[in-house]
Amino acid sequence: MVFTVVYDACVLYPSTLRDLLIRVAQAGIVQAKWTQQILDEVFSAISANRPDIPASTLERTRALMIRAVRDCLVTGYEPLIESVKLPDPDDRHVLAAAIRTRAQVIVSNNLKDFPPHSLSGWDVEARSADDFVLDQIHLNEKVVWACVQQIADSWRNPPGTAEDVPASLERSGLVQPVAELRAV
């Protein structure tokens, strides 16, 4: 049975990591979820850090993300926001979305914002992107490697190979999974 995960904005920001996480969901390993609010954070950060990227390109990427993963958008989580407690109140919407969808995992690189004692009552666990991808490799190495190959196949300018993808993921902050992917 596929389990449900909520991707936090920080793991959807780096393009290659975002691509891998979406492809893992498309492969059916997990049911990925996010909210419009999470996407607002992602694309606001990209726009601020990369003013050279046209707004139309960002809007297209956002629309493609939503189309890429069936039933990815979480709605109806807003009434839960006030009932959850986290160190950073601005992250409560992520936990509220996880509760609403009965997600087992929040994938975030800001683990300090999702401490175990704040999540345990909701049966939710926070995992770093590093640990999450490593878990997926251990569950189904061939499927994850196929996702990596698909990413390489999609690169056109310049063209890429499956061996190029781990370096890009490493720049996104992944460490352990990159070593495992290089070993395949």
# chains A, B, ... in the order shown; residues from 1 in each chain; ligands from 1
$ select_by_dssp --residues "stretch 43-177 of chain A" --states "alpha helix (DSSP H)" --output "number ranges by chain"
A: 43-49, 55-68, 92-101, 116-119, 129-139, 141-154, 165-171, 176-177
$ residues_around --residues "stretch 67-70 of chain A" --least-positions-apart "5" --cutoff "12 Å" --atoms "only C-alpha atoms" --output "ChimeraX atom specification"
/A:18-34,60-62
$ residues_around --residues "A:Phe132" --least-positions-apart "3" --cutoff "10 Å" --atoms "only C-alpha atoms" --output "short mmCIF file (atom, residue, chain, number, x, y, z; two decimals) with N, CA and C atoms, in the first residue's frame"
data_model
loop_
_atom_site.label_atom_id
_atom_site.label_comp_id
_atom_site.auth_asym_id
_atom_site.auth_seq_id
_atom_site.Cartn_x
_atom_site.Cartn_y
_atom_site.Cartn_z
N VAL A 5 2.68 11.35 1.77
CA VAL A 5 3.69 12.28 2.27
C VAL A 5 3.30 13.69 1.87
N LEU A 21 11.47 14.10 -6.53
CA LEU A 21 10.35 13.83 -5.62
C LEU A 21 9.04 13.66 -6.37
N VAL A 105 4.22 11.03 6.65
CA VAL A 105 5.53 11.70 6.63
C VAL A 105 5.40 13.12 6.07
N ILE A 106 6.14 14.03 6.71
CA ILE A 106 6.38 15.36 6.15
C ILE A 106 7.84 15.34 5.70
N VAL A 107 8.07 15.61 4.44
CA VAL A 107 9.44 15.67 3.92
C VAL A 107 9.87 17.13 3.96
N SER A 108 10.86 17.41 4.82
CA SER A 108 11.34 18.77 5.02
C SER A 108 12.80 18.75 5.43
N ALA A 126 8.55 13.54 10.60
CA ALA A 126 9.28 14.41 9.66
C ALA A 126 10.56 13.70 9.24
N ARG A 127 10.83 13.72 7.94
CA ARG A 127 12.06 13.13 7.40
C ARG A 127 12.72 14.17 6.52
N SER A 128 14.03 14.21 6.58
CA SER A 128 14.77 15.08 5.66
C SER A 128 14.65 14.51 4.25
N ALA A 129 14.88 15.34 3.27
CA ALA A 129 14.87 14.84 1.89
C ALA A 129 15.91 13.75 1.73
N ASP A 135 15.34 6.21 1.98
CA ASP A 135 14.29 5.21 2.27
C ASP A 135 13.71 4.66 0.98
N GLN A 136 13.46 5.54 0.02
CA GLN A 136 12.86 5.09 -1.25
C GLN A 136 13.83 4.21 -2.02
N ILE A 137 15.11 4.54 -1.97
CA ILE A 137 16.13 3.70 -2.62
C ILE A 137 16.13 2.31 -1.99
N HIS A 138 16.05 2.26 -0.67
CA HIS A 138 16.06 0.97 0.01
C HIS A 138 14.79 0.17 -0.26
N PRO A 177 21.86 9.68 -0.29
CA PRO A 177 21.28 9.02 -1.48
C PRO A 177 22.15 9.13 -2.71
#
$ atom_distance --atom1 "atom CA of A:Asp123" --atom2 "atom CA of A:Leu139"
21.0 Å
$ atom_distance --atom1 "atom CA of A:Val11" --atom2 "atom CA of A:Lys142"
22.2 Å
$ residues_around --residues "A:Ala98" --least-positions-apart "6" --cutoff "12 Å" --atoms "only C-alpha atoms" --output "JSON, numbers by chain"
{"A": [3, 4, 5, 6, 7, 8, 31, 32, 33, 34, 35, 72, 73, 74, 75, 76, 77, 78, 80, 81, 84, 91, 92, 104, 105, 106, 107, 114, 119, 122, 123, 124, 125, 126]}
$ write_last_selection --atoms "N, CA, C and O atoms" --output "short mmCIF file (atom, residue, chain, number, x, y, z; two decimals), in the first residue's frame"
data_model
loop_
_atom_site.label_atom_id
_atom_site.label_comp_id
_atom_site.auth_asym_id
_atom_site.auth_seq_id
_atom_site.Cartn_x
_atom_site.Cartn_y
_atom_site.Cartn_z
N PHE A 3 1.99 4.97 0.80
CA PHE A 3 1.76 5.87 1.93
C PHE A 3 1.79 7.32 1.45
O PHE A 3 2.31 7.63 0.38
N THR A 4 1.21 8.18 2.25
CA THR A 4 1.05 9.58 1.89
C THR A 4 2.12 10.43 2.55
O THR A 4 2.42 10.25 3.73
N VAL A 5 2.68 11.35 1.77
CA VAL A 5 3.69 12.28 2.27
C VAL A 5 3.30 13.69 1.87
O VAL A 5 2.67 13.90 0.84
N VAL A 6 3.68 14.64 2.71
CA VAL A 6 3.53 16.05 2.37
C VAL A 6 4.92 16.61 2.14
O VAL A 6 5.80 16.46 3.00
N TYR A 7 5.12 17.20 0.98
CA TYR A 7 6.39 17.82 0.66
C TYR A 7 6.35 19.28 1.12
O TYR A 7 5.47 20.05 0.71
N ASP A 8 7.30 19.68 1.96
CA ASP A 8 7.43 21.04 2.42
C ASP A 8 8.07 21.88 1.30
O ASP A 8 8.74 21.36 0.41
N GLN A 31 2.18 8.69 -2.29
CA GLN A 31 1.18 9.66 -2.72
C GLN A 31 1.66 11.01 -2.18
O GLN A 31 1.61 11.24 -0.98
N ALA A 32 2.16 11.85 -3.05
CA ALA A 32 2.69 13.15 -2.65
C ALA A 32 1.57 14.17 -2.56
O ALA A 32 0.66 14.19 -3.39
N LYS A 33 1.69 15.02 -1.54
CA LYS A 33 0.71 16.09 -1.32
C LYS A 33 1.43 17.39 -1.04
O LYS A 33 2.55 17.41 -0.51
N TRP A 34 0.78 18.49 -1.39
CA TRP A 34 1.21 19.82 -1.02
C TRP A 34 0.00 20.73 -1.15
O TRP A 34 -1.07 20.28 -1.58
N THR A 35 0.14 21.95 -0.73
CA THR A 35 -0.97 22.91 -0.77
C THR A 35 -0.59 24.08 -1.67
O THR A 35 0.58 24.27 -2.01
N CYS A 72 -2.70 15.84 -5.77
CA CYS A 72 -1.62 16.37 -4.93
C CYS A 72 -2.06 17.52 -4.04
O CYS A 72 -1.50 17.71 -2.96
N LEU A 73 -3.03 18.30 -4.47
CA LEU A 73 -3.41 19.49 -3.72
C LEU A 73 -4.30 19.16 -2.53
O LEU A 73 -5.31 18.49 -2.66
N VAL A 74 -3.89 19.66 -1.38
CA VAL A 74 -4.64 19.48 -0.14
C VAL A 74 -5.51 20.72 0.06
O VAL A 74 -5.01 21.85 -0.05
N THR A 75 -6.77 20.50 0.34
CA THR A 75 -7.67 21.59 0.67
C THR A 75 -8.37 21.23 1.98
O THR A 75 -8.33 20.09 2.43
N GLY A 76 -8.99 22.20 2.58
CA GLY A 76 -9.75 21.96 3.80
C GLY A 76 -8.90 21.78 5.04
O GLY A 76 -9.40 21.37 6.08
N TYR A 77 -7.64 22.11 4.97
CA TYR A 77 -6.74 21.97 6.12
C TYR A 77 -6.72 23.23 6.99
O TYR A 77 -6.29 23.20 8.14
N GLU A 78 -7.18 24.34 6.43
CA GLU A 78 -7.06 25.64 7.09
C GLU A 78 -7.67 25.67 8.51
O GLU A 78 -7.05 26.26 9.41
N LEU A 80 -7.60 23.53 10.71
CA LEU A 80 -6.73 22.80 11.63
C LEU A 80 -5.50 23.59 12.06
O LEU A 80 -4.85 23.26 13.05
N ILE A 81 -5.17 24.61 11.32
CA ILE A 81 -3.92 25.35 11.56
C ILE A 81 -3.82 25.85 12.99
O ILE A 81 -2.79 25.71 13.65
N VAL A 84 -2.75 23.27 15.92
CA VAL A 84 -1.45 22.60 16.00
C VAL A 84 -0.40 23.56 16.54
O VAL A 84 -0.46 24.77 16.32
N ASP A 91 4.90 27.33 10.08
CA ASP A 91 4.92 25.98 9.50
C ASP A 91 3.69 25.15 9.88
O ASP A 91 3.57 24.01 9.44
N ARG A 92 2.80 25.72 10.66
CA ARG A 92 1.62 24.95 11.11
C ARG A 92 0.76 24.49 9.94
O ARG A 92 0.16 23.42 9.99
N GLN A 104 1.67 10.11 6.57
CA GLN A 104 2.56 9.50 7.55
C GLN A 104 3.86 10.29 7.70
O GLN A 104 4.52 10.20 8.72
N VAL A 105 4.22 11.03 6.65
CA VAL A 105 5.53 11.70 6.63
C VAL A 105 5.40 13.12 6.07
O VAL A 105 4.67 13.35 5.11
N ILE A 106 6.14 14.03 6.71
CA ILE A 106 6.38 15.36 6.15
C ILE A 106 7.84 15.34 5.70
O ILE A 106 8.73 15.05 6.51
N VAL A 107 8.07 15.61 4.44
CA VAL A 107 9.44 15.67 3.92
C VAL A 107 9.87 17.13 3.96
O VAL A 107 9.31 17.97 3.27
N PHE A 114 9.83 20.78 12.90
CA PHE A 114 8.86 19.68 13.04
C PHE A 114 9.39 18.66 14.04
O PHE A 114 9.67 17.51 13.68
N LEU A 119 4.77 16.16 16.62
CA LEU A 119 4.13 15.38 15.55
C LEU A 119 3.54 14.07 16.04
O LEU A 119 2.62 13.54 15.42
N TRP A 122 -0.09 13.17 16.26
CA TRP A 122 -0.79 13.17 14.98
C TRP A 122 -0.37 11.98 14.10
O TRP A 122 -0.81 11.88 12.95
N ASP A 123 0.48 11.12 14.62
CA ASP A 123 0.99 9.97 13.85
C ASP A 123 1.67 10.40 12.56
O ASP A 123 1.49 9.79 11.50
N VAL A 124 2.45 11.46 12.67
CA VAL A 124 3.20 11.99 11.54
C VAL A 124 4.67 12.04 11.94
O VAL A 124 5.00 12.33 13.09
N GLU A 125 5.53 11.77 10.98
CA GLU A 125 6.97 11.82 11.20
C GLU A 125 7.57 12.78 10.19
O GLU A 125 7.13 12.82 9.03
N ALA A 126 8.55 13.54 10.60
CA ALA A 126 9.28 14.41 9.66
C ALA A 126 10.56 13.70 9.24
O ALA A 126 11.26 13.12 10.07
#
$ closest_residue --among "A:Val133, A:Ala162, A:Ala9, A:Val2" --to "A:His93" --atoms "only C-alpha atoms"
A:Ala9
$ closest_residue --among "A:Ser44, A:Ser56, A:Asn109, A:Ser83" --to "A:Ser172" --atoms "only C-alpha atoms"
A:Asn109
$ select_by_dssp --residues "chain A" --states "strand (DSSP E)" --output "count of residues only"
15
$ closest_residue --among "A:Thr16, A:Ile99, A:Pro54, A:Cys10" --to "A:Leu39" --atoms "only C-alpha atoms"
A:Cys10
$ atom_distance --atom1 "atom CA of A:Leu86" --atom2 "atom CA of A:Phe43"
23.4 Å
$ residues_around --residues "A:Val165" --least-positions-apart "4" --cutoff "12 Å" --atoms "only C-alpha atoms" --output "MDAnalysis selection string"
chainID A and resid 15:17 19:20 144:155 159:161 169:172 174 177:179 181:182
$ write_last_selection --atoms "C-alpha atoms" --output "tab-separated table (two decimals), in the first residue's frame"
chain	number	residue	atom	x	y	z
A	15	SER	CA	14.68	21.96	-9.28
A	16	THR	CA	16.39	18.57	-9.54
A	17	LEU	CA	15.24	17.49	-6.08
A	19	ASP	CA	11.88	16.67	-10.16
A	20	LEU	CA	13.01	13.53	-8.33
A	144	VAL	CA	14.30	5.37	-8.01
A	145	TRP	CA	17.07	4.74	-10.52
A	146	ALA	CA	14.46	4.82	-13.31
A	147	CYS	CA	13.33	8.21	-11.98
A	148	VAL	CA	16.93	9.43	-12.11
A	149	GLN	CA	17.23	8.17	-15.69
A	150	GLN	CA	14.00	10.00	-16.62
A	151	ILE	CA	15.42	13.23	-15.21
A	152	ALA	CA	18.59	12.81	-17.28
A	153	ASP	CA	16.53	12.02	-20.37
A	154	SER	CA	14.55	15.25	-19.89
A	155	TRP	CA	17.65	17.47	-19.87
A	159	PRO	CA	21.82	17.04	-22.48
A	160	GLY	CA	22.44	14.90	-19.41
A	161	THR	CA	23.13	11.36	-18.45
A	169	LEU	CA	21.07	16.38	-6.47
A	170	GLU	CA	24.19	16.87	-4.38
A	171	ARG	CA	24.04	20.60	-5.12
A	172	SER	CA	20.43	20.41	-3.85
A	174	LEU	CA	21.34	15.38	-0.87
A	177	PRO	CA	21.28	9.02	-1.48
A	178	VAL	CA	23.75	10.41	-4.01
A	179	ALA	CA	26.40	7.97	-2.84
A	181	LEU	CA	22.77	6.22	-6.59
A	182	ARG	CA	26.37	6.43	-7.78
$ decode --residues "stretch 6-29 of chain A" --atoms "N, CA, C and O atoms" --output "mmCIF file, in the first residue's frame"
data_model
loop_
_atom_site.group_PDB
_atom_site.id
_atom_site.type_symbol
_atom_site.label_atom_id
_atom_site.label_comp_id
_atom_site.auth_asym_id
_atom_site.auth_seq_id
_atom_site.Cartn_x
_atom_site.Cartn_y
_atom_site.Cartn_z
ATOM 1 N N VAL A 6 3.682 14.643 2.709
ATOM 2 C CA VAL A 6 3.527 16.054 2.370
ATOM 3 C C VAL A 6 4.923 16.605 2.144
ATOM 4 O O VAL A 6 5.804 16.464 2.997
ATOM 5 N N TYR A 7 5.119 17.204 0.981
ATOM 6 C CA TYR A 7 6.394 17.824 0.662
ATOM 7 C C TYR A 7 6.347 19.285 1.124
ATOM 8 O O TYR A 7 5.467 20.045 0.714
ATOM 9 N N ASP A 8 7.303 19.676 1.962
ATOM 10 C CA ASP A 8 7.425 21.044 2.418
ATOM 11 C C ASP A 8 8.068 21.885 1.304
ATOM 12 O O ASP A 8 8.735 21.363 0.408
ATOM 13 N N ALA A 9 7.907 23.185 1.390
ATOM 14 C CA ALA A 9 8.418 24.094 0.355
ATOM 15 C C ALA A 9 9.925 23.966 0.152
ATOM 16 O O ALA A 9 10.403 24.014 -0.980
ATOM 17 N N CYS A 10 10.661 23.768 1.227
ATOM 18 C CA CYS A 10 12.131 23.742 1.112
ATOM 19 C C CYS A 10 12.640 22.576 0.272
ATOM 20 O O CYS A 10 13.730 22.664 -0.295
ATOM 21 N N VAL A 11 11.874 21.489 0.164
ATOM 22 C CA VAL A 11 12.324 20.368 -0.671
ATOM 23 C C VAL A 11 11.796 20.472 -2.093
ATOM 24 O O VAL A 11 12.265 19.768 -2.982
ATOM 25 N N LEU A 12 10.825 21.355 -2.303
ATOM 26 C CA LEU A 12 10.308 21.573 -3.656
ATOM 27 C C LEU A 12 11.013 22.738 -4.346
ATOM 28 O O LEU A 12 10.815 22.964 -5.536
ATOM 29 N N TYR A 13 11.844 23.467 -3.616
ATOM 30 C CA TYR A 13 12.560 24.610 -4.189
ATOM 31 C C TYR A 13 13.669 24.184 -5.164
ATOM 32 O O TYR A 13 13.688 24.656 -6.300
ATOM 33 N N PRO A 14 14.590 23.293 -4.779
ATOM 34 C CA PRO A 14 15.658 22.934 -5.738
ATOM 35 C C PRO A 14 15.079 22.126 -6.903
ATOM 36 O O PRO A 14 14.394 21.119 -6.692
ATOM 37 N N SER A 15 15.360 22.544 -8.111
ATOM 38 C CA SER A 15 14.680 21.964 -9.278
ATOM 39 C C SER A 15 14.921 20.467 -9.456
ATOM 40 O O SER A 15 13.978 19.719 -9.742
ATOM 41 N N THR A 16 16.140 20.005 -9.321
ATOM 42 C CA THR A 16 16.387 18.573 -9.543
ATOM 43 C C THR A 16 15.778 17.737 -8.431
ATOM 44 O O THR A 16 15.213 16.669 -8.687
ATOM 45 N N LEU A 17 15.869 18.212 -7.197
ATOM 46 C CA LEU A 17 15.237 17.485 -6.084
ATOM 47 C C LEU A 17 13.729 17.472 -6.280
ATOM 48 O O LEU A 17 13.083 16.428 -6.110
ATOM 49 N N ARG A 18 13.145 18.600 -6.657
ATOM 50 C CA ARG A 18 11.705 18.670 -6.927
ATOM 51 C C ARG A 18 11.330 17.654 -8.005
ATOM 52 O O ARG A 18 10.357 16.907 -7.875
ATOM 53 N N ASP A 19 12.126 17.609 -9.063
ATOM 54 C CA ASP A 19 11.879 16.675 -10.157
ATOM 55 C C ASP A 19 11.910 15.234 -9.655
ATOM 56 O O ASP A 19 11.025 14.430 -9.963
ATOM 57 N N LEU A 20 12.912 14.898 -8.859
ATOM 58 C CA LEU A 20 13.011 13.530 -8.333
ATOM 59 C C LEU A 20 11.828 13.197 -7.435
ATOM 60 O O LEU A 20 11.230 12.118 -7.568
ATOM 61 N N LEU A 21 11.468 14.103 -6.531
ATOM 62 C CA LEU A 21 10.353 13.835 -5.620
ATOM 63 C C LEU A 21 9.036 13.660 -6.374
ATOM 64 O O LEU A 21 8.222 12.803 -6.035
ATOM 65 N N ILE A 22 8.846 14.454 -7.403
ATOM 66 C CA ILE A 22 7.624 14.320 -8.211
ATOM 67 C C ILE A 22 7.640 13.000 -8.983
ATOM 68 O O ILE A 22 6.637 12.289 -9.041
ATOM 69 N N ARG A 23 8.764 12.640 -9.546
ATOM 70 C CA ARG A 23 8.848 11.388 -10.300
ATOM 71 C C ARG A 23 8.673 10.166 -9.383
ATOM 72 O O ARG A 23 8.086 9.166 -9.800
ATOM 73 N N VAL A 24 9.170 10.253 -8.152
ATOM 74 C CA VAL A 24 8.945 9.170 -7.184
ATOM 75 C C VAL A 24 7.441 9.014 -6.938
ATOM 76 O O VAL A 24 6.924 7.899 -6.892
ATOM 77 N N ALA A 25 6.745 10.124 -6.830
ATOM 78 C CA ALA A 25 5.284 10.065 -6.652
ATOM 79 C C ALA A 25 4.605 9.515 -7.909
ATOM 80 O O ALA A 25 3.702 8.678 -7.817
ATOM 81 N N GLN A 26 5.045 9.958 -9.068
ATOM 82 C CA GLN A 26 4.462 9.454 -10.317
ATOM 83 C C GLN A 26 4.673 7.950 -10.468
ATOM 84 O O GLN A 26 3.850 7.270 -11.066
ATOM 85 N N ALA A 27 5.777 7.461 -9.944
ATOM 86 C CA ALA A 27 6.084 6.030 -10.040
ATOM 87 C C ALA A 27 5.193 5.199 -9.117
ATOM 88 O O ALA A 27 5.184 3.975 -9.210
ATOM 89 N N GLY A 28 4.465 5.870 -8.235
ATOM 90 C CA GLY A 28 3.527 5.159 -7.376
ATOM 91 C C GLY A 28 4.116 4.660 -6.066
ATOM 92 O O GLY A 28 3.473 3.903 -5.348
ATOM 93 N N ILE A 29 5.325 5.101 -5.742
ATOM 94 C CA ILE A 29 5.931 4.679 -4.478
ATOM 95 C C ILE A 29 5.245 5.378 -3.308
ATOM 96 O O ILE A 29 5.045 4.792 -2.249
#
